[in-house]
file protein-v8.csv (CSV, C-alpha atoms)
chain,number,residue,atom,x,y,z
A,490,MET,CA,26.0,138.9,112.7
A,491,ARG,CA,26.9,135.6,114.3
A,492,SER,CA,27.1,135.7,118.0
A,493,PRO,CA,30.4,134.3,119.2
A,494,LEU,CA,30.5,131.2,121.4
A,495,PRO,CA,31.0,132.0,125.1
A,496,ALA,CA,34.7,132.0,126.0
A,497,ALA,CA,34.4,128.8,128.1
A,498,LEU,CA,32.6,126.9,125.4
A,499,ALA,CA,35.1,128.1,122.7
A,500,ALA,CA,38.0,126.9,124.9
A,501,VAL,CA,36.3,123.5,125.3
A,502,CYS,CA,35.7,123.3,121.5
A,503,ALA,CA,39.3,124.2,120.8
A,504,LEU,CA,40.6,121.7,123.2
A,505,LEU,CA,38.3,119.0,121.8
A,506,LEU,CA,39.4,119.7,118.2
A,507,THR,CA,43.1,119.9,119.1
A,508,SER,CA,43.2,116.7,121.1
A,509,VAL,CA,40.7,114.2,119.6
A,510,LEU,CA,41.3,115.2,116.0
A,511,ALA,CA,44.9,114.1,116.4
A,512,GLY,CA,43.6,110.6,115.6
A,513,CYS,CA,42.0,111.6,112.4
A,514,ALA,CA,43.0,112.2,109.0
A,515,ALA,CA,46.2,111.0,107.5
A,516,SER,CA,49.1,108.6,107.3
A,517,ALA,CA,52.7,109.4,108.1
A,518,ASP,CA,53.3,110.9,104.7
A,519,GLY,CA,50.3,113.2,105.1
A,520,THR,CA,48.0,111.4,102.6
A,521,ALA,CA,44.4,110.6,103.5
A,522,SER,CA,44.0,107.4,105.4
A,523,SER,CA,40.3,106.9,104.9
A,524,SER,CA,39.3,103.9,102.8
A,525,ALA,CA,36.0,105.5,101.8
A,526,THR,CA,34.6,104.6,98.4
A,527,THR,CA,36.1,106.4,95.4
A,528,ARG,CA,32.8,107.0,93.8
A,529,VAL,CA,32.2,110.7,93.3
A,530,ALA,CA,28.9,112.5,93.7
A,531,PRO,CA,27.5,114.0,90.5
A,532,SER,CA,26.0,117.4,90.4
A,533,LEU,CA,22.7,117.6,92.2
A,534,ALA,CA,21.2,119.3,89.2
A,535,ASP,CA,22.0,116.2,87.1
A,536,VAL,CA,20.3,113.7,89.4
A,537,ARG,CA,16.9,115.3,89.9
A,538,ASP,CA,15.2,112.2,88.6
A,539,ASP,CA,16.9,110.2,91.4
A,540,VAL,CA,15.7,112.4,94.2
A,541,LEU,CA,13.7,110.4,96.8
A,542,ALA,CA,10.0,111.1,96.8
A,543,ASP,CA,9.9,110.0,100.5
A,544,PRO,CA,13.1,110.6,102.4
A,545,ARG,CA,12.1,108.0,105.0
A,546,SER,CA,12.0,105.2,102.4
A,547,TRP,CA,15.8,105.2,102.3
A,548,GLU,CA,17.7,102.5,104.1
A,549,GLY,CA,21.4,102.0,104.5
A,550,PRO,CA,24.6,104.1,104.8
A,551,THR,CA,25.9,106.4,102.0
A,552,SER,CA,29.3,108.2,101.6
A,553,ALA,CA,29.5,111.7,100.3
A,554,VAL,CA,32.6,111.9,98.1
A,555,THR,CA,33.9,114.9,96.1
A,556,ALA,CA,36.2,114.9,93.1
A,557,PRO,CA,39.5,116.8,93.6
A,558,THR,CA,38.9,120.5,93.0
A,559,PRO,CA,41.8,122.2,91.4
A,560,VAL,CA,42.8,125.6,92.9
A,561,ASP,CA,41.4,128.4,90.8
A,562,PRO,CA,43.3,131.5,92.0
A,563,VAL,CA,41.6,134.9,91.7
A,564,SER,CA,43.5,137.8,90.2
A,565,GLY,CA,44.0,141.3,91.5
A,566,PRO,CA,46.6,143.9,92.7
A,567,GLU,CA,49.9,142.7,94.1
A,568,PRO,CA,50.2,142.5,97.9
A,569,GLN,CA,50.4,145.9,99.6
A,570,LEU,CA,52.6,145.5,102.6
A,571,PRO,CA,53.3,146.3,105.4
A,572,VAL,CA,49.9,146.1,106.9
A,573,THR,CA,48.8,146.2,110.6
A,574,ILE,CA,45.7,144.3,111.5
A,575,GLU,CA,43.9,143.3,114.7
A,576,ASP,CA,43.4,139.6,114.7
A,577,ALA,CA,40.5,137.5,116.0
A,578,GLN,CA,42.0,137.6,119.5
A,579,GLY,CA,42.4,141.4,119.5
A,580,THR,CA,46.1,141.2,119.0
A,581,GLU,CA,47.7,143.9,116.8
A,582,VAL,CA,50.0,142.3,114.3
A,583,THR,CA,52.1,144.0,111.6
A,584,ILE,CA,53.0,141.9,108.5
A,585,ALA,CA,55.8,143.3,106.4
A,586,ASP,CA,56.7,140.3,104.4
A,587,ALA,CA,54.5,137.5,103.0
A,588,SER,CA,57.1,135.8,100.9
A,589,ARG,CA,57.1,132.7,103.2
A,590,ILE,CA,53.6,131.9,104.4
A,591,LEU,CA,52.3,129.2,106.8
A,592,ALA,CA,48.6,128.8,107.0
A,593,LEU,CA,47.6,126.2,109.5
A,594,ASP,CA,44.3,124.9,110.9
A,595,VAL,CA,42.6,121.6,111.7
A,596,HIS,CA,40.5,121.6,108.4
A,597,GLY,CA,43.1,122.9,106.0
A,598,THR,CA,40.8,125.8,105.2
A,599,LEU,CA,43.3,128.6,105.7
A,600,SER,CA,45.9,127.1,103.4
A,601,ARG,CA,43.3,126.5,100.7
A,602,THR,CA,42.2,130.2,101.0
A,603,VAL,CA,45.7,131.4,100.6
A,604,HIS,CA,46.1,129.4,97.5
A,605,GLU,CA,42.8,130.6,96.1
A,606,LEU,CA,44.0,134.2,96.7
A,607,GLY,CA,46.8,133.5,94.2
A,608,LEU,CA,49.6,133.3,96.9
A,609,GLY,CA,50.1,129.5,96.8
A,610,GLY,CA,53.6,129.9,95.5
A,611,GLN,CA,54.6,131.7,98.7
A,612,VAL,CA,53.3,128.9,101.0
A,613,VAL,CA,56.2,127.0,102.5
A,614,GLY,CA,54.6,124.2,104.5
A,615,ARG,CA,51.3,122.6,105.4
A,616,ASP,CA,49.3,121.0,108.1
A,617,ILE,CA,48.1,117.4,107.7
A,618,SER,CA,44.6,118.5,106.6
A,619,THR,CA,45.9,120.4,103.7
A,620,GLN,CA,45.8,117.6,101.1
A,621,PHE,CA,44.8,119.2,97.8
A,622,ALA,CA,47.2,118.5,94.9
A,623,GLU,CA,48.8,121.9,94.6
A,624,ALA,CA,50.1,121.6,98.2
A,625,ALA,CA,50.9,118.0,98.3
A,626,ASP,CA,54.7,118.4,98.0
A,627,LEU,CA,54.9,121.0,100.8
A,628,PRO,CA,56.7,119.8,104.0
A,629,LEU,CA,54.5,118.9,107.0
A,630,VAL,CA,54.7,121.0,110.1
A,631,THR,CA,52.3,118.9,112.2
A,632,GLN,CA,53.0,115.6,113.8
A,633,ASN,CA,51.0,112.9,115.6
A,634,GLY,CA,48.0,114.1,113.7
A,635,HIS,CA,47.4,117.8,114.4
A,636,ASP,CA,50.2,118.8,116.8
A,637,LEU,CA,52.3,121.7,115.7
A,638,ASN,CA,56.0,120.9,115.5
A,639,ALA,CA,58.0,124.0,116.5
A,640,GLU,CA,61.3,122.8,115.0
A,641,ALA,CA,59.6,122.0,111.7
A,642,ILE,CA,58.0,125.4,111.6
A,643,LEU,CA,61.2,127.3,112.5
A,644,ALA,CA,63.2,125.3,109.9
A,645,LEU,CA,61.0,126.8,107.2
A,646,ASP,CA,61.8,130.4,108.2
A,647,PRO,CA,58.2,131.7,107.7
A,648,THR,CA,57.7,135.4,107.5
A,649,VAL,CA,54.0,135.2,108.6
A,650,ILE,CA,51.9,132.5,110.2
A,651,LEU,CA,48.1,132.3,109.9
A,652,THR,CA,46.4,130.0,112.3
A,653,ASP,CA,43.5,129.6,114.7
A,654,THR,CA,42.8,127.9,118.0
A,655,SER,CA,42.0,124.5,116.5
A,656,LEU,CA,45.7,123.4,116.5
A,657,GLY,CA,48.1,123.1,119.4
A,658,PRO,CA,50.0,123.0,121.6
A,659,TRP,CA,49.3,126.7,122.1
A,660,ASP,CA,52.8,127.1,123.6
A,661,VAL,CA,54.2,126.5,120.1
A,662,VAL,CA,52.2,129.5,118.7
A,663,LEU,CA,53.5,131.7,121.5
A,664,GLN,CA,57.0,130.4,120.8
A,665,MET,CA,56.7,131.5,117.2
A,666,ARG,CA,55.7,135.0,118.3
A,667,ASP,CA,58.6,135.1,120.8
A,668,ALA,CA,60.9,134.2,117.8
A,669,GLY,CA,59.7,137.4,116.1
A,670,ILE,CA,57.4,135.8,113.5
A,671,PRO,CA,54.1,137.7,112.9
A,672,VAL,CA,51.3,135.3,113.9
A,673,VAL,CA,47.7,136.1,112.9
A,674,VAL,CA,45.0,134.2,114.8
A,675,THR,CA,41.9,134.0,112.7
A,676,ASP,CA,38.3,133.1,113.6
A,677,SER,CA,38.1,129.4,114.6
A,678,HIS,CA,34.4,129.2,113.8
A,679,ARG,CA,33.5,127.3,110.6
A,680,GLY,CA,30.1,127.8,109.2
A,681,LEU,CA,28.1,129.3,106.3
A,682,ASP,CA,27.7,132.5,108.3
A,683,ASN,CA,31.4,133.6,108.1
A,684,LEU,CA,32.6,132.4,104.7
A,685,SER,CA,33.2,136.0,103.6
A,686,SER,CA,34.6,137.3,106.8
A,687,LEU,CA,37.1,134.5,107.2
A,688,THR,CA,38.2,134.9,103.7
A,689,MET,CA,38.8,138.6,104.3
A,690,GLU,CA,40.7,138.0,107.5
A,691,VAL,CA,43.2,136.0,105.5
A,692,ALA,CA,43.3,138.5,102.6
A,693,ASP,CA,43.7,141.6,104.8
A,694,ALA,CA,46.5,140.0,106.7
A,695,LEU,CA,48.4,139.3,103.4
A,696,GLY,CA,47.7,142.7,101.9
A,697,VAL,CA,45.4,141.6,99.1
A,698,PRO,CA,41.9,142.9,100.2
A,699,GLU,CA,40.7,143.3,96.6
A,700,ARG,CA,41.5,139.6,95.8
A,701,GLY,CA,39.7,138.7,99.1
A,702,ARG,CA,36.5,140.5,98.1
A,703,THR,CA,36.6,138.8,94.7
A,704,LEU,CA,37.1,135.4,96.3
A,705,ALA,CA,34.5,135.9,98.9
A,706,GLU,CA,31.9,136.9,96.3
A,707,ARG,CA,32.8,133.8,94.3
A,708,ILE,CA,32.4,131.5,97.3
A,709,GLU,CA,29.1,133.1,98.3
A,710,SER,CA,27.8,132.9,94.7
A,711,GLU,CA,28.7,129.2,94.4
A,712,VAL,CA,27.1,128.4,97.8
A,713,THR,CA,24.0,130.3,96.9
A,714,ALA,CA,23.6,128.4,93.6
A,715,VAL,CA,24.0,125.0,95.4
A,716,THR,CA,21.7,125.8,98.3
A,717,GLU,CA,19.0,126.9,95.8
A,718,GLN,CA,19.3,123.6,94.1
A,719,ILE,CA,19.0,121.8,97.5
A,720,GLU,CA,15.9,123.8,98.4
A,721,ALA,CA,14.3,122.8,95.1
A,722,VAL,CA,14.6,119.1,96.0
A,723,ALA,CA,14.3,119.1,99.9
A,724,PRO,CA,10.8,118.7,101.4
A,725,ALA,CA,9.3,122.2,101.7
A,726,ASP,CA,7.6,121.2,105.0
A,727,PRO,CA,10.3,121.1,107.8
A,728,THR,CA,8.5,118.3,109.5
A,729,GLN,CA,9.1,116.1,106.4
A,730,ARG,CA,12.8,116.7,106.5
A,731,LEU,CA,14.9,113.9,108.2
A,732,ARG,CA,15.7,114.6,111.8
A,733,THR,CA,19.5,114.8,111.8
A,734,VAL,CA,22.4,114.9,114.2
A,735,PHE,CA,26.1,115.1,113.7
A,736,LEU,CA,28.2,112.7,115.6
A,737,TYR,CA,31.9,113.0,116.2
A,738,VAL,CA,33.5,109.7,117.0
A,739,ARG,CA,36.9,108.3,117.7
A,740,GLY,CA,36.2,104.7,118.7
A,741,GLN,CA,39.7,103.8,119.6
A,742,SER,CA,39.9,106.6,122.1
A,743,GLY,CA,36.3,106.2,123.4
A,744,VAL,CA,35.3,109.6,122.1
A,745,TYR,CA,31.6,110.1,121.3
A,746,TYR,CA,30.4,113.6,120.8
A,747,LEU,CA,27.2,115.2,119.5
A,748,PHE,CA,27.9,118.5,117.7
A,749,GLY,CA,25.1,121.0,118.3
A,750,GLU,CA,24.3,124.7,118.0
A,751,GLY,CA,27.3,126.9,117.2
A,752,SER,CA,29.5,124.0,116.2
A,753,GLY,CA,29.2,124.5,112.4
A,754,ALA,CA,27.3,121.2,112.1
A,755,ASP,CA,24.1,123.0,112.7
A,756,SER,CA,24.4,125.3,109.6
A,757,LEU,CA,25.6,122.3,107.6
A,758,ILE,CA,22.5,120.3,108.5
A,759,ASP,CA,20.2,123.2,107.6
A,760,ALA,CA,21.9,123.9,104.3
A,761,VAL,CA,21.7,120.3,103.1
A,762,GLY,CA,17.9,120.4,103.6
A,763,LEU,CA,17.6,118.4,106.8
A,764,TYR,CA,16.0,119.1,110.2
A,765,ASP,CA,18.5,120.1,112.9
A,766,VAL,CA,17.5,118.2,116.0
A,767,ALA,CA,20.1,119.9,118.2
A,768,GLU,CA,18.2,123.1,118.4
A,769,GLU,CA,15.0,121.4,119.3
A,770,ILE,CA,16.6,119.5,122.2
A,771,GLY,CA,18.8,122.5,123.3
A,772,TRP,CA,22.1,120.9,122.5
A,773,ASP,CA,24.7,123.6,122.3
A,774,GLY,CA,28.3,123.3,121.2
A,775,MET,CA,30.1,120.0,121.4
A,776,LYS,CA,29.2,117.6,124.2
A,777,PRO,CA,29.7,113.9,125.0
A,778,ILE,CA,26.8,111.8,123.8
A,779,THR,CA,24.4,110.6,126.4
A,780,ASP,CA,21.6,108.0,126.1
A,781,GLU,CA,19.2,110.7,127.2
A,782,GLY,CA,20.4,113.0,124.4
A,783,ILE,CA,20.0,110.3,121.8
A,784,VAL,CA,16.6,109.3,123.0
A,785,ALA,CA,15.4,112.9,123.0
A,786,ALA,CA,16.8,113.5,119.6
A,787,GLN,CA,15.3,110.5,117.9
A,788,PRO,CA,17.4,111.0,114.8
A,789,GLU,CA,16.3,109.7,111.5
A,790,LEU,CA,19.7,110.4,109.9
A,791,VAL,CA,23.3,110.7,111.3
A,792,LEU,CA,26.1,112.7,109.7
A,793,MET,CA,29.6,111.6,110.5
A,794,MET,CA,33.3,112.0,109.5
A,795,THR,CA,34.4,108.9,107.5
A,796,ASP,CA,37.4,108.1,109.7
A,797,GLY,CA,35.3,108.5,112.7
A,798,LEU,CA,32.7,106.0,111.5
A,799,GLU,CA,35.5,103.6,110.5
A,800,SER,CA,37.1,103.9,113.9
A,801,ALA,CA,34.0,102.6,115.6
A,802,GLY,CA,33.8,99.6,113.3
A,803,GLY,CA,31.5,101.0,110.7
A,804,VAL,CA,27.7,101.2,111.2
A,805,ASP,CA,27.5,97.8,112.9
A,806,GLY,CA,30.2,98.6,115.3
A,807,LEU,CA,28.8,102.0,116.2
A,808,LEU,CA,25.3,100.7,116.8
A,809,GLU,CA,26.8,97.9,119.0
A,810,ARG,CA,28.7,100.5,121.0
A,811,LEU,CA,25.7,102.9,121.3
A,812,PRO,CA,22.6,100.7,121.9
A,813,ALA,CA,20.5,103.9,122.4
A,814,LEU,CA,21.3,105.0,118.9
A,815,ALA,CA,20.5,101.5,117.6
A,816,SER,CA,16.9,102.0,118.8
A,817,THR,CA,16.4,105.3,116.9
A,818,PRO,CA,14.9,105.5,113.4
A,819,ALA,CA,18.4,106.3,112.1
A,820,GLY,CA,19.8,103.2,113.8
A,821,GLN,CA,17.0,100.9,112.7
A,822,GLN,CA,17.2,102.0,109.1
A,823,ARG,CA,21.1,102.2,109.2
A,824,ARG,CA,20.7,105.7,107.8
A,825,PHE,CA,24.2,107.2,108.0
A,826,VAL,CA,26.0,109.7,105.7
A,827,ASP,CA,29.8,110.0,106.1
A,828,MET,CA,32.3,112.4,104.5
A,829,ALA,CA,36.0,112.9,104.6
A,830,ASP,CA,37.2,114.5,107.9
A,831,ALA,CA,39.0,117.4,106.3
A,832,GLU,CA,36.0,118.3,104.1
A,833,ILE,CA,32.8,118.0,106.0
A,834,LEU,CA,33.2,120.9,108.4
A,835,GLY,CA,35.9,122.8,106.5
A,836,PHE,CA,33.8,125.7,105.2
A,837,GLY,CA,36.1,127.5,102.9
A,838,PRO,CA,36.6,128.0,99.1
A,839,THR,CA,35.2,124.5,98.4
A,840,THR,CA,32.1,124.7,100.5
A,841,ALA,CA,29.8,124.5,97.5
A,842,THR,CA,31.4,121.2,96.4
A,843,THR,CA,30.9,119.8,99.9
A,844,LEU,CA,27.3,120.8,100.1
A,845,ASN,CA,26.6,119.3,96.7
A,846,ALA,CA,28.1,116.0,97.6
A,847,LEU,CA,26.2,115.8,100.9
A,848,ALA,CA,23.0,116.8,99.2
A,849,VAL,CA,23.3,114.1,96.6
A,850,ALA,CA,24.1,111.5,99.3
A,851,VAL,CA,21.0,112.7,101.4
A,852,HIS,CA,18.4,113.3,98.7
A,853,ALA,CA,19.5,111.0,95.9
A,854,PRO,CA,21.6,108.2,97.6
A,855,GLY,CA,20.9,105.9,94.7
A,856,ALA,CA,23.0,108.1,92.5
A,857,VAL,CA,26.2,107.3,94.5
A,858,SER,CA,25.4,103.8,95.6

call {"tool": "encode", "arguments": {"input": "protein-v8.csv", "output": "structure tokens"}}
result
Amino acid sequence: MRSPLPAALAAVCALLLTSVLAGCAASADGTASSSATTRVAPSLADVRDDVLADPRSWEGPTSAVTAPTPVDPVSGPEPQLPVTIEDAQGTEVTIADASRILALDVHGTLSRTVHELGLGGQVVGRDISTQFAEAADLPLVTQNGHDLNAEAILALDPTVILTDTSLGPWDVVLQMRDAGIPVVVTDSHRGLDNLSSLTMEVADALGVPERGRTLAERIESEVTAVTEQIEAVAPADPTQRLRTVFLYVRGQSGVYYLFGEGSGADSLIDAVGLYDVAEEIGWDGMKPITDEGIVAAQPELVLMMTDGLESAGGVDGLLERLPALASTPAGQQRRFVDMADAEILGFGPTTATTLNALAVAVHAPGAVS
């Protein structure tokens, strides 16, 4: 079982995500603002002939882009309410009515999970990261990026709110509880190690545990199929896999972080068939980048969010801002892979699609260039 982050580190991570992600993902109407290429990654199984024989022969940046994935709700018994559960913070919450649901987090994972559980018709609003087509017409309850808007939430008269610690201000969450709305705080961790447990947290809170088990099994099966395909094309020798770091950047705000062990980026790097440098250099959680850290890491590949890379002026702008990175193999070869902010670390029902797109961009970049 995954060990939880220490409380202090978890608090720092939540603060980081709540504050700096406010600059990320969308325009005023909630649509994605990124100007990333519209080319879509094919299935990794279909581009085996394009897989690089030598990963270090690849030069230049690549974008991992997924096609819109329609919601495919599972079936099962109708919700059995009321239920009383203990949420991720140890708070006992009773949910008697799930007719008006709000599911809110920085990645849009919770809302997508509710929709995949077949309860999308009961969702009454969305956060700015919830951008799949079936939720596009729902009113936004976040402002200035990812700030919760108390008035917008109360105006929708929700009967239950699912959230985590990635959104704020936290006072708004407490205000909702004071208003008598059941608020379930789920695990904020996103990674391959809690796909099923996070799904079940949502399903149990909404009284549909059987649907939750069905959805969790589907997610795990899809992820297993993709990771097996990745293992078949990734170098078997770990030393031949590209040394990789995940950088979180908001250039306009001067925010430059390296995401390490326990951030979710570590499991992503491993799953895509790369070598996670963070573990080697002892980089835990989310910390500001230092020249020493970059030099120690000597990355050969950098993963980033698309809007983050654009905020730094693209690859050229980023390397100008971080000369130490420019001197690494990744910088010298301009070897960067970016992906939409709301997708790359979301880890939910569409995880398999995300992994496939990243794997194609990493192992067969010519198939999307």

call {"tool": "residues_around", "arguments": {"input": "protein-v8.csv", "residues": "A:Gly806", "least_positions_apart": "6", "cutoff": "12 Å", "atoms": "all atoms listed in the file", "output": "list in words"}}
result
Val738, Gly740, Gln741, Gly797, Leu798, Glu799, Ser800, Pro812, Leu814, Ala815, Gly820 and Arg823 of chain A

call {"tool": "atom_distance", "arguments": {"input": "protein-v8.csv", "atom1": "atom CA of A:Pro838", "atom2": "atom CA of A:Met775"}}
result
24.6 Å

call {"tool": "closest_residue", "arguments": {"input": "protein-v8.csv", "among": "A:Ile670, A:Ala694, A:Leu844, A:Ala556", "to": "A:Asp576", "atoms": "all atoms listed in the file"}}
result
A:Ala694

call {"tool": "atom_distance", "arguments": {"input": "protein-v8.csv", "atom1": "atom CA of A:Leu747", "atom2": "atom CA of A:Met794"}}
result
12.1 Å

call {"tool": "residues_around", "arguments": {"input": "protein-v8.csv", "residues": "A:Ser756", "least_positions_apart": "6", "cutoff": "10 Å", "atoms": "only C-alpha atoms", "output": "list in words"}}
result
Arg679, Gly680, Leu681, Asp682, Gly749, Glu750, Asp765 and Leu834 of chain A

call {"tool": "closest_residue", "arguments": {"input": "protein-v8.csv", "among": "A:Asp646, A:Asp827, A:Asp660, A:Glu789", "to": "A:Val804", "atoms": "all atoms listed in the file"}}
result
A:Asp827

call {"tool": "atom_distance", "arguments": {"input": "protein-v8.csv", "atom1": "atom CA of A:Val715", "atom2": "atom CA of A:Trp772"}}
result
27.5 Å

call {"tool": "closest_residue", "arguments": {"input": "protein-v8.csv", "among": "A:Ala760, A:Val791, A:Leu808, A:Ala853", "to": "A:Thr840", "atoms": "all atoms listed in the file"}}
result
A:Ala760

call {"tool": "closest_residue", "arguments": {"input": "protein-v8.csv", "among": "A:Pro658, A:Thr551, A:Val536, A:His604", "to": "A:Val826", "atoms": "all atoms listed in the file"}}
result
A:Thr551

call {"tool": "residues_around", "arguments": {"input": "protein-v8.csv", "residues": "A:Val673", "least_positions_apart": "3", "cutoff": "7 Å", "atoms": "all atoms listed in the file", "output": "ChimeraX atom specification"}}
result
/A:576,582,650-652

call {"tool": "write_last_selection", "arguments": {"input": "protein-v8.csv", "atoms": "C-alpha atoms", "output": "compact mmCIF listing (two decimals), in the coordinates of the input"}}
result
# COMPACT_ATOMS: atom_id res chain seq x y z
CA ASP A 576 43.40 139.60 114.70
CA VAL A 582 50.00 142.30 114.30
CA ILE A 650 51.90 132.50 110.20
CA LEU A 651 48.10 132.30 109.90
CA THR A 652 46.40 130.00 112.30

call {"tool": "decode", "arguments": {"input": "protein-v8.csv", "residues": "stretch 729-748 of chain A", "atoms": "N, CA, C and O atoms", "output": "mmCIF file, in the first residue's frame"}}
result
data_model
loop_
_atom_site.group_PDB
_atom_site.id
_atom_site.type_symbol
_atom_site.label_atom_id
_atom_site.label_comp_id
_atom_site.auth_asym_id
_atom_site.auth_seq_id
_atom_site.Cartn_x
_atom_site.Cartn_y
_atom_site.Cartn_z
ATOM 1 N N GLN A 729 19.504 2.007 -20.216
ATOM 2 C CA GLN A 729 19.302 2.468 -21.587
ATOM 3 C C GLN A 729 18.064 3.339 -21.730
ATOM 4 O O GLN A 729 17.808 3.900 -22.800
ATOM 5 N N ARG A 730 17.281 3.432 -20.650
ATOM 6 C CA ARG A 730 16.098 4.284 -20.685
ATOM 7 C C ARG A 730 16.503 5.738 -20.429
ATOM 8 O O ARG A 730 17.433 6.001 -19.661
ATOM 9 N N LEU A 731 15.840 6.655 -21.075
ATOM 10 C CA LEU A 731 16.204 8.058 -20.961
ATOM 11 C C LEU A 731 16.009 8.563 -19.535
ATOM 12 O O LEU A 731 14.950 8.369 -18.927
ATOM 13 N N ARG A 732 17.035 9.217 -19.007
ATOM 14 C CA ARG A 732 16.959 9.831 -17.685
ATOM 15 C C ARG A 732 15.973 10.993 -17.759
ATOM 16 O O ARG A 732 16.152 11.906 -18.573
ATOM 17 N N THR A 733 14.946 10.959 -16.921
ATOM 18 C CA THR A 733 13.816 11.866 -17.107
ATOM 19 C C THR A 733 13.457 12.597 -15.822
ATOM 20 O O THR A 733 13.492 12.018 -14.730
ATOM 21 N N VAL A 734 13.093 13.878 -15.982
ATOM 22 C CA VAL A 734 12.545 14.665 -14.878
ATOM 23 C C VAL A 734 11.238 15.291 -15.339
ATOM 24 O O VAL A 734 10.998 15.466 -16.548
ATOM 25 N N PHE A 735 10.400 15.635 -14.368
ATOM 26 C CA PHE A 735 9.151 16.336 -14.644
ATOM 27 C C PHE A 735 9.282 17.744 -14.080
ATOM 28 O O PHE A 735 9.470 17.915 -12.875
ATOM 29 N N LEU A 736 9.184 18.745 -14.951
ATOM 30 C CA LEU A 736 9.271 20.134 -14.519
ATOM 31 C C LEU A 736 7.892 20.780 -14.547
ATOM 32 O O LEU A 736 7.149 20.642 -15.534
ATOM 33 N N TYR A 737 7.555 21.472 -13.459
ATOM 34 C CA TYR A 737 6.334 22.284 -13.413
ATOM 35 C C TYR A 737 6.765 23.738 -13.487
ATOM 36 O O TYR A 737 7.539 24.212 -12.640
ATOM 37 N N VAL A 738 6.268 24.440 -14.498
ATOM 38 C CA VAL A 738 6.723 25.804 -14.760
ATOM 39 C C VAL A 738 5.542 26.733 -14.966
ATOM 40 O O VAL A 738 4.563 26.385 -15.652
ATOM 41 N N ARG A 739 5.616 27.913 -14.375
ATOM 42 C CA ARG A 739 4.736 29.030 -14.700
ATOM 43 C C ARG A 739 5.632 30.243 -14.876
ATOM 44 O O ARG A 739 5.952 30.952 -13.923
ATOM 45 N N GLY A 740 6.095 30.427 -16.133
ATOM 46 C CA GLY A 740 7.110 31.433 -16.411
ATOM 47 C C GLY A 740 6.712 32.830 -16.022
ATOM 48 O O GLY A 740 7.522 33.609 -15.508
ATOM 49 N N GLN A 741 5.427 33.185 -16.224
ATOM 50 C CA GLN A 741 4.994 34.539 -15.917
ATOM 51 C C GLN A 741 5.007 34.824 -14.429
ATOM 52 O O GLN A 741 5.035 35.984 -14.002
ATOM 53 N N SER A 742 4.993 33.764 -13.616
ATOM 54 C CA SER A 742 5.007 33.922 -12.162
ATOM 55 C C SER A 742 6.360 33.577 -11.549
ATOM 56 O O SER A 742 6.516 33.645 -10.326
ATOM 57 N N GLY A 743 7.310 33.205 -12.381
ATOM 58 C CA GLY A 743 8.622 32.827 -11.870
ATOM 59 C C GLY A 743 8.611 31.543 -11.080
ATOM 60 O O GLY A 743 9.407 31.365 -10.146
ATOM 61 N N VAL A 744 7.710 30.622 -11.433
ATOM 62 C CA VAL A 744 7.573 29.355 -10.713
ATOM 63 C C VAL A 744 8.253 28.249 -11.523
ATOM 64 O O VAL A 744 7.875 27.992 -12.666
ATOM 65 N N TYR A 745 9.258 27.604 -10.917
ATOM 66 C CA TYR A 745 9.992 26.522 -11.564
ATOM 67 C C TYR A 745 10.195 25.422 -10.528
ATOM 68 O O TYR A 745 11.012 25.561 -9.615
ATOM 69 N N TYR A 746 9.445 24.337 -10.664
ATOM 70 C CA TYR A 746 9.506 23.241 -9.709
ATOM 71 C C TYR A 746 9.903 21.948 -10.402
ATOM 72 O O TYR A 746 9.548 21.715 -11.569
ATOM 73 N N LEU A 747 10.611 21.116 -9.664
ATOM 74 C CA LEU A 747 10.887 19.755 -10.109
ATOM 75 C C LEU A 747 10.049 18.823 -9.252
ATOM 76 O O LEU A 747 10.110 18.878 -8.030
ATOM 77 N N PHE A 748 9.210 17.998 -9.900
ATOM 78 C CA PHE A 748 8.333 17.065 -9.199
ATOM 79 C C PHE A 748 9.079 15.741 -9.019
ATOM 80 O O PHE A 748 9.504 15.128 -9.999
#
